[in-house]
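S.K.: Handing you a structure now.
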Amino acid sequence: MTNQLVLDRFLPYRLSITSNLVSDRIAKAYESLFGLTIPEWRLVAVIAEVEAITQADIGERTRMDKVTVSRAAIALVERGLLARAPNPGDKRSHHLSLTDAGRDLYRNVAPKALELESKIFARFSRAELDRFVAMLRRIDMAALET
C-alpha cells in the first residue's frame, strides 16, 4: 500500500527526532558547563551576532515562541548577562544586548558549541555537510511557502 504512513520514514517525524537528539546532547553540555538552557544560549548567540535586538526579532530569527524568548530573556537579565534598553522605534518593546559578562560567556561557550558540532558531525565529509545544510535551507523555504 503506497499511501500508508510509516512514521519512521515520514520526513517531518525524522527531522523532529534527529533535531531533538542533537538538541538534547547539546543542552546537557550547556547546562552542565555553563548553566544555560538551549533557549538561553540561542538568545546569547543571536544577540552576539547583532549587538542589540528586540525579543520579537529574536523569535522570528530562531522560530521560538514569545513565551520561550521572554522567559529566557528574563533569566539572562537576572543573571546579569543581558541588558534591556528602551526601543526608540517602538515604546512597547526593548532592545536586548549582552553585558560584559554576557560577552565573556559567549566567548567561552562559542568554542564549546563548535567543538560539540564537530564531534556530532565528525563522520561526515565537508561536502556532505555542505549539501545537507543546502537541503535544510531548501526545506525551510518549502515549509515557508506551504
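Residues in the C-alpha cells are named by chain (A, B, ... in the order shown) and by number from 1 within that chain; ligands are numbered from 1 in the order shown.
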As a ChimeraX atom specification, please: every residue in chain A that a backbone DSSP assignment puts in strand (DSSP E or B).

M.R.: /A:52-54,82-86,94-98

S.K.: Once you count only C-alpha atoms, what closest atom pair and distance in Å to one decimal does each residue of region 2-90 of chain A within 12 Å of region 108-113 of chain A have, with rows by chain and rising residue number, as JSON lines?

M.R.:
```
{"residue": "A:Val22", "atom": "CA", "partner": "A:Ala113", "partner_atom": "CA", "distance": 11.8}
{"residue": "A:Ser23", "atom": "CA", "partner": "A:Ala113", "partner_atom": "CA", "distance": 11.4}
{"residue": "A:Arg25", "atom": "CA", "partner": "A:Ala113", "partner_atom": "CA", "distance": 11.0}
{"residue": "A:Ile26", "atom": "CA", "partner": "A:Ala113", "partner_atom": "CA", "distance": 7.8}
{"residue": "A:Ala27", "atom": "CA", "partner": "A:Ala113", "partner_atom": "CA", "distance": 10.3}
{"residue": "A:Lys28", "atom": "CA", "partner": "A:Ala113", "partner_atom": "CA", "distance": 11.8}
{"residue": "A:Ala29", "atom": "CA", "partner": "A:Lys112", "partner_atom": "CA", "distance": 8.8}
{"residue": "A:Tyr30", "atom": "CA", "partner": "A:Val109", "partner_atom": "CA", "distance": 7.9}
{"residue": "A:Glu31", "atom": "CA", "partner": "A:Val109", "partner_atom": "CA", "distance": 11.0}
{"residue": "A:Ser32", "atom": "CA", "partner": "A:Val109", "partner_atom": "CA", "distance": 11.7}
{"residue": "A:Leu33", "atom": "CA", "partner": "A:Val109", "partner_atom": "CA", "distance": 8.6}
{"residue": "A:Phe34", "atom": "CA", "partner": "A:Val109", "partner_atom": "CA", "distance": 7.6}
{"residue": "A:Gly35", "atom": "CA", "partner": "A:Val109", "partner_atom": "CA", "distance": 10.8}
{"residue": "A:Leu36", "atom": "CA", "partner": "A:Val109", "partner_atom": "CA", "distance": 9.8}
{"residue": "A:Ile38", "atom": "CA", "partner": "A:Ala113", "partner_atom": "CA", "distance": 11.3}
{"residue": "A:Glu40", "atom": "CA", "partner": "A:Val109", "partner_atom": "CA", "distance": 11.8}
{"residue": "A:Trp41", "atom": "CA", "partner": "A:Val109", "partner_atom": "CA", "distance": 8.6}
{"residue": "A:Arg42", "atom": "CA", "partner": "A:Ala110", "partner_atom": "CA", "distance": 11.0}
{"residue": "A:Val44", "atom": "CA", "partner": "A:Val109", "partner_atom": "CA", "distance": 9.7}
{"residue": "A:Ala45", "atom": "CA", "partner": "A:Ala110", "partner_atom": "CA", "distance": 8.0}
{"residue": "A:Val46", "atom": "CA", "partner": "A:Ala110", "partner_atom": "CA", "distance": 11.6}
{"residue": "A:Ala48", "atom": "CA", "partner": "A:Ala110", "partner_atom": "CA", "distance": 10.1}
{"residue": "A:Glu49", "atom": "CA", "partner": "A:Ala110", "partner_atom": "CA", "distance": 11.6}
```

S.K.: Put those residues in a file: N, CA, C and O atoms, as a PDB file, in the first residue's frame.

M.R.:
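Once everything was written out, this is selection_14.pdb:
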```pdb
ATOM      1  N   VAL A  22      19.980  15.819  18.729  1.00  0.00           N
ATOM      2  CA  VAL A  22      21.113  16.750  18.695  1.00  0.00           C
ATOM      3  C   VAL A  22      20.932  17.827  19.770  1.00  0.00           C
ATOM      4  O   VAL A  22      21.869  18.127  20.518  1.00  0.00           O
ATOM      5  N   SER A  23      19.729  18.392  19.861  1.00  0.00           N
ATOM      6  CA  SER A  23      19.469  19.434  20.867  1.00  0.00           C
ATOM      7  C   SER A  23      19.664  18.910  22.285  1.00  0.00           C
ATOM      8  O   SER A  23      20.233  19.606  23.128  1.00  0.00           O
ATOM      9  N   ARG A  25      21.617  16.493  23.285  1.00  0.00           N
ATOM     10  CA  ARG A  25      23.063  16.310  23.522  1.00  0.00           C
ATOM     11  C   ARG A  25      23.729  17.647  23.850  1.00  0.00           C
ATOM     12  O   ARG A  25      24.509  17.768  24.783  1.00  0.00           O
ATOM     13  N   ILE A  26      23.392  18.653  23.072  1.00  0.00           N
ATOM     14  CA  ILE A  26      23.967  19.975  23.280  1.00  0.00           C
ATOM     15  C   ILE A  26      23.444  20.596  24.571  1.00  0.00           C
ATOM     16  O   ILE A  26      24.202  21.213  25.321  1.00  0.00           O
ATOM     17  N   ALA A  27      22.156  20.423  24.842  1.00  0.00           N
ATOM     18  CA  ALA A  27      21.554  21.002  26.054  1.00  0.00           C
ATOM     19  C   ALA A  27      22.245  20.484  27.307  1.00  0.00           C
ATOM     20  O   ALA A  27      22.502  21.253  28.244  1.00  0.00           O
ATOM     21  N   LYS A  28      22.540  19.210  27.341  1.00  0.00           N
ATOM     22  CA  LYS A  28      23.223  18.636  28.510  1.00  0.00           C
ATOM     23  C   LYS A  28      24.581  19.287  28.713  1.00  0.00           C
ATOM     24  O   LYS A  28      24.979  19.589  29.840  1.00  0.00           O
ATOM     25  N   ALA A  29      25.303  19.504  27.638  1.00  0.00           N
ATOM     26  CA  ALA A  29      26.627  20.128  27.742  1.00  0.00           C
ATOM     27  C   ALA A  29      26.507  21.575  28.207  1.00  0.00           C
ATOM     28  O   ALA A  29      27.238  22.007  29.106  1.00  0.00           O
ATOM     29  N   TYR A  30      25.602  22.345  27.618  1.00  0.00           N
ATOM     30  CA  TYR A  30      25.440  23.753  28.001  1.00  0.00           C
ATOM     31  C   TYR A  30      25.007  23.891  29.452  1.00  0.00           C
ATOM     32  O   TYR A  30      25.461  24.774  30.161  1.00  0.00           O
ATOM     33  N   GLU A  31      24.108  22.992  29.870  1.00  0.00           N
ATOM     34  CA  GLU A  31      23.615  23.054  31.250  1.00  0.00           C
ATOM     35  C   GLU A  31      24.727  22.718  32.235  1.00  0.00           C
ATOM     36  O   GLU A  31      24.947  23.427  33.209  1.00  0.00           O
ATOM     37  N   SER A  32      25.467  21.643  31.961  1.00  0.00           N
ATOM     38  CA  SER A  32      26.495  21.233  32.916  1.00  0.00           C
ATOM     39  C   SER A  32      27.695  22.178  32.927  1.00  0.00           C
ATOM     40  O   SER A  32      28.273  22.445  33.969  1.00  0.00           O
ATOM     41  N   LEU A  33      28.071  22.693  31.770  1.00  0.00           N
ATOM     42  CA  LEU A  33      29.247  23.549  31.699  1.00  0.00           C
ATOM     43  C   LEU A  33      28.970  25.012  32.030  1.00  0.00           C
ATOM     44  O   LEU A  33      29.809  25.685  32.628  1.00  0.00           O
ATOM     45  N   PHE A  34      27.795  25.513  31.626  1.00  0.00           N
ATOM     46  CA  PHE A  34      27.546  26.946  31.722  1.00  0.00           C
ATOM     47  C   PHE A  34      26.232  27.312  32.412  1.00  0.00           C
ATOM     48  O   PHE A  34      25.917  28.495  32.538  1.00  0.00           O
ATOM     49  N   GLY A  35      25.437  26.316  32.804  1.00  0.00           N
ATOM     50  CA  GLY A  35      24.164  26.604  33.446  1.00  0.00           C
ATOM     51  C   GLY A  35      23.169  27.278  32.522  1.00  0.00           C
ATOM     52  O   GLY A  35      22.333  28.064  32.967  1.00  0.00           O
ATOM     53  N   LEU A  36      23.232  26.970  31.227  1.00  0.00           N
ATOM     54  CA  LEU A  36      22.351  27.583  30.237  1.00  0.00           C
ATOM     55  C   LEU A  36      21.377  26.568  29.664  1.00  0.00           C
ATOM     56  O   LEU A  36      21.751  25.416  29.404  1.00  0.00           O
ATOM     57  N   ILE A  38      18.888  25.664  26.315  1.00  0.00           N
ATOM     58  CA  ILE A  38      19.015  25.898  24.872  1.00  0.00           C
ATOM     59  C   ILE A  38      18.433  27.269  24.484  1.00  0.00           C
ATOM     60  O   ILE A  38      19.088  28.028  23.768  1.00  0.00           O
ATOM     61  N   GLU A  40      18.173  29.959  26.258  1.00  0.00           N
ATOM     62  CA  GLU A  40      19.077  30.994  26.773  1.00  0.00           C
ATOM     63  C   GLU A  40      20.320  31.109  25.886  1.00  0.00           C
ATOM     64  O   GLU A  40      20.743  32.208  25.541  1.00  0.00           O
ATOM     65  N   TRP A  41      20.886  29.968  25.506  1.00  0.00           N
ATOM     66  CA  TRP A  41      22.061  30.004  24.643  1.00  0.00           C
ATOM     67  C   TRP A  41      21.725  30.616  23.289  1.00  0.00           C
ATOM     68  O   TRP A  41      22.480  31.397  22.735  1.00  0.00           O
ATOM     69  N   ARG A  42      20.557  30.275  22.738  1.00  0.00           N
ATOM     70  CA  ARG A  42      20.174  30.845  21.443  1.00  0.00           C
ATOM     71  C   ARG A  42      20.077  32.367  21.534  1.00  0.00           C
ATOM     72  O   ARG A  42      20.521  33.067  20.620  1.00  0.00           O
ATOM     73  N   VAL A  44      21.710  34.360  23.638  1.00  0.00           N
ATOM     74  CA  VAL A  44      23.075  34.880  23.744  1.00  0.00           C
ATOM     75  C   VAL A  44      23.743  34.873  22.371  1.00  0.00           C
ATOM     76  O   VAL A  44      24.348  35.869  21.955  1.00  0.00           O
ATOM     77  N   ALA A  45      23.623  33.779  21.630  1.00  0.00           N
ATOM     78  CA  ALA A  45      24.276  33.652  20.325  1.00  0.00           C
ATOM     79  C   ALA A  45      23.716  34.640  19.307  1.00  0.00           C
ATOM     80  O   ALA A  45      24.470  35.286  18.576  1.00  0.00           O
ATOM     81  N   VAL A  46      22.399  34.787  19.270  1.00  0.00           N
ATOM     82  CA  VAL A  46      21.780  35.717  18.316  1.00  0.00           C
ATOM     83  C   VAL A  46      22.183  37.151  18.640  1.00  0.00           C
ATOM     84  O   VAL A  46      22.552  37.921  17.755  1.00  0.00           O
ATOM     85  N   ALA A  48      24.806  38.165  20.243  1.00  0.00           N
ATOM     86  CA  ALA A  48      26.241  38.352  19.980  1.00  0.00           C
ATOM     87  C   ALA A  48      26.490  38.681  18.510  1.00  0.00           C
ATOM     88  O   ALA A  48      27.437  39.390  18.184  1.00  0.00           O
ATOM     89  N   GLU A  49      25.641  38.201  17.630  1.00  0.00           N
ATOM     90  CA  GLU A  49      25.808  38.454  16.197  1.00  0.00           C
ATOM     91  C   GLU A  49      25.360  39.848  15.782  1.00  0.00           C
ATOM     92  O   GLU A  49      25.816  40.365  14.775  1.00  0.00           O
TER      93      GLU A  49
END
```

S.K.: Measure the distance from CA of Arg84 (chain A) to CA of Gln55 (chain A) in Å and round it to one decimal.

M.R.: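 Computing it gives 10.2 Å between the two atoms.
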
S.K.: Can you pull out every residue from region 7-143 of chain A that DSSP, working from the backbone, puts in helix (DSSP H, G or I), and format the result as number ranges by chain?

M.R.: A: 7-9, 11-34, 38-50, 55-62, 66-78, 100-120, 126-143

S.K.: Could you tell me how far CA of Ile139 (chain A) lies from CA of Ser19 (chain A), in Å and to one decimal?

M.R.: 14.0 Å

S.K.: Residues near Asp140 (chain A), anyone? I mean within 12 Å using only C-alpha atoms, not counting same-chain ones fewer than 6 positions away, as a list in words.

M.R.: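 My reading of the contact set: Pro12, Leu15, Arg63, Val133, Ala134 and Thr146 of chain A.
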
S.K.: For the residues in that selection, give me C-alpha atoms as a PDB file, in the first residue's frame.

M.R.:
```
ATOM      1  CA  PRO A  12       8.810  15.589   9.269  1.00  0.00           C
ATOM      2  CA  LEU A  15      13.626  15.695  11.187  1.00  0.00           C
ATOM      3  CA  ARG A  63      11.433  30.311  15.432  1.00  0.00           C
ATOM      4  CA  VAL A 133      22.894  22.452   5.002  1.00  0.00           C
ATOM      5  CA  ALA A 134      21.802  23.378   1.485  1.00  0.00           C
ATOM      6  CA  THR A 146       3.324  25.904   2.059  1.00  0.00           C
TER       7      THR A 146
END
```

S.K.: Near Arg79 (chain A), within 10 Å and counting only C-alpha atoms, which residues show up once chain neighbours fewer than 5 positions away are dropped, as a PyMOL selection string?

M.R.: chain A and resi 73-74+101-102

S.K.: Near Leu76 (chain A), counting only C-alpha atoms, which residues have an atom at most 9 Å away, once you skip same-chain residues fewer than 4 positions from it, shown as a tab-separated table (two decimals) with C-alpha atoms, in the first residue's frame?

M.R.:
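And here is the file that came out, result_30.tsv:
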```
chain	number	residue	atom	x	y	z
A	40	GLU	CA	19.08	30.99	26.77
A	43	LEU	CA	19.44	34.34	22.78
A	44	VAL	CA	23.08	34.88	23.74
A	71	ARG	CA	11.47	33.55	29.86
A	72	ALA	CA	15.00	33.14	28.53
A	80	GLY	CA	23.45	39.90	34.59
A	81	LEU	CA	24.17	38.52	31.12
A	82	LEU	CA	21.71	40.70	29.19
A	83	ALA	CA	20.71	44.35	29.45
A	102	GLY	CA	27.33	38.07	28.62
```

S.K.: Write out as number ranges by chain which residues come within 12 Å of Val50 (chain A) when counting only C-alpha atoms, dropping same-chain ones fewer than 6 positions away.

M.R.: A: 43-44, 57-58, 61, 95-98

S.K.: What does the file look like for those residues with C-alpha atoms, as a tab-separated table (two decimals), in the first residue's frame?

M.R.:
```
chain	number	residue	atom	x	y	z
A	43	LEU	CA	19.44	34.34	22.78
A	44	VAL	CA	23.08	34.88	23.74
A	57	ASP	CA	13.09	39.80	16.21
A	58	ILE	CA	14.75	37.01	18.21
A	61	ARG	CA	15.09	34.52	13.71
A	95	HIS	CA	16.40	46.19	22.79
A	96	LEU	CA	18.37	43.37	24.37
A	97	SER	CA	22.15	43.45	24.37
A	98	LEU	CA	24.90	41.43	26.02
```
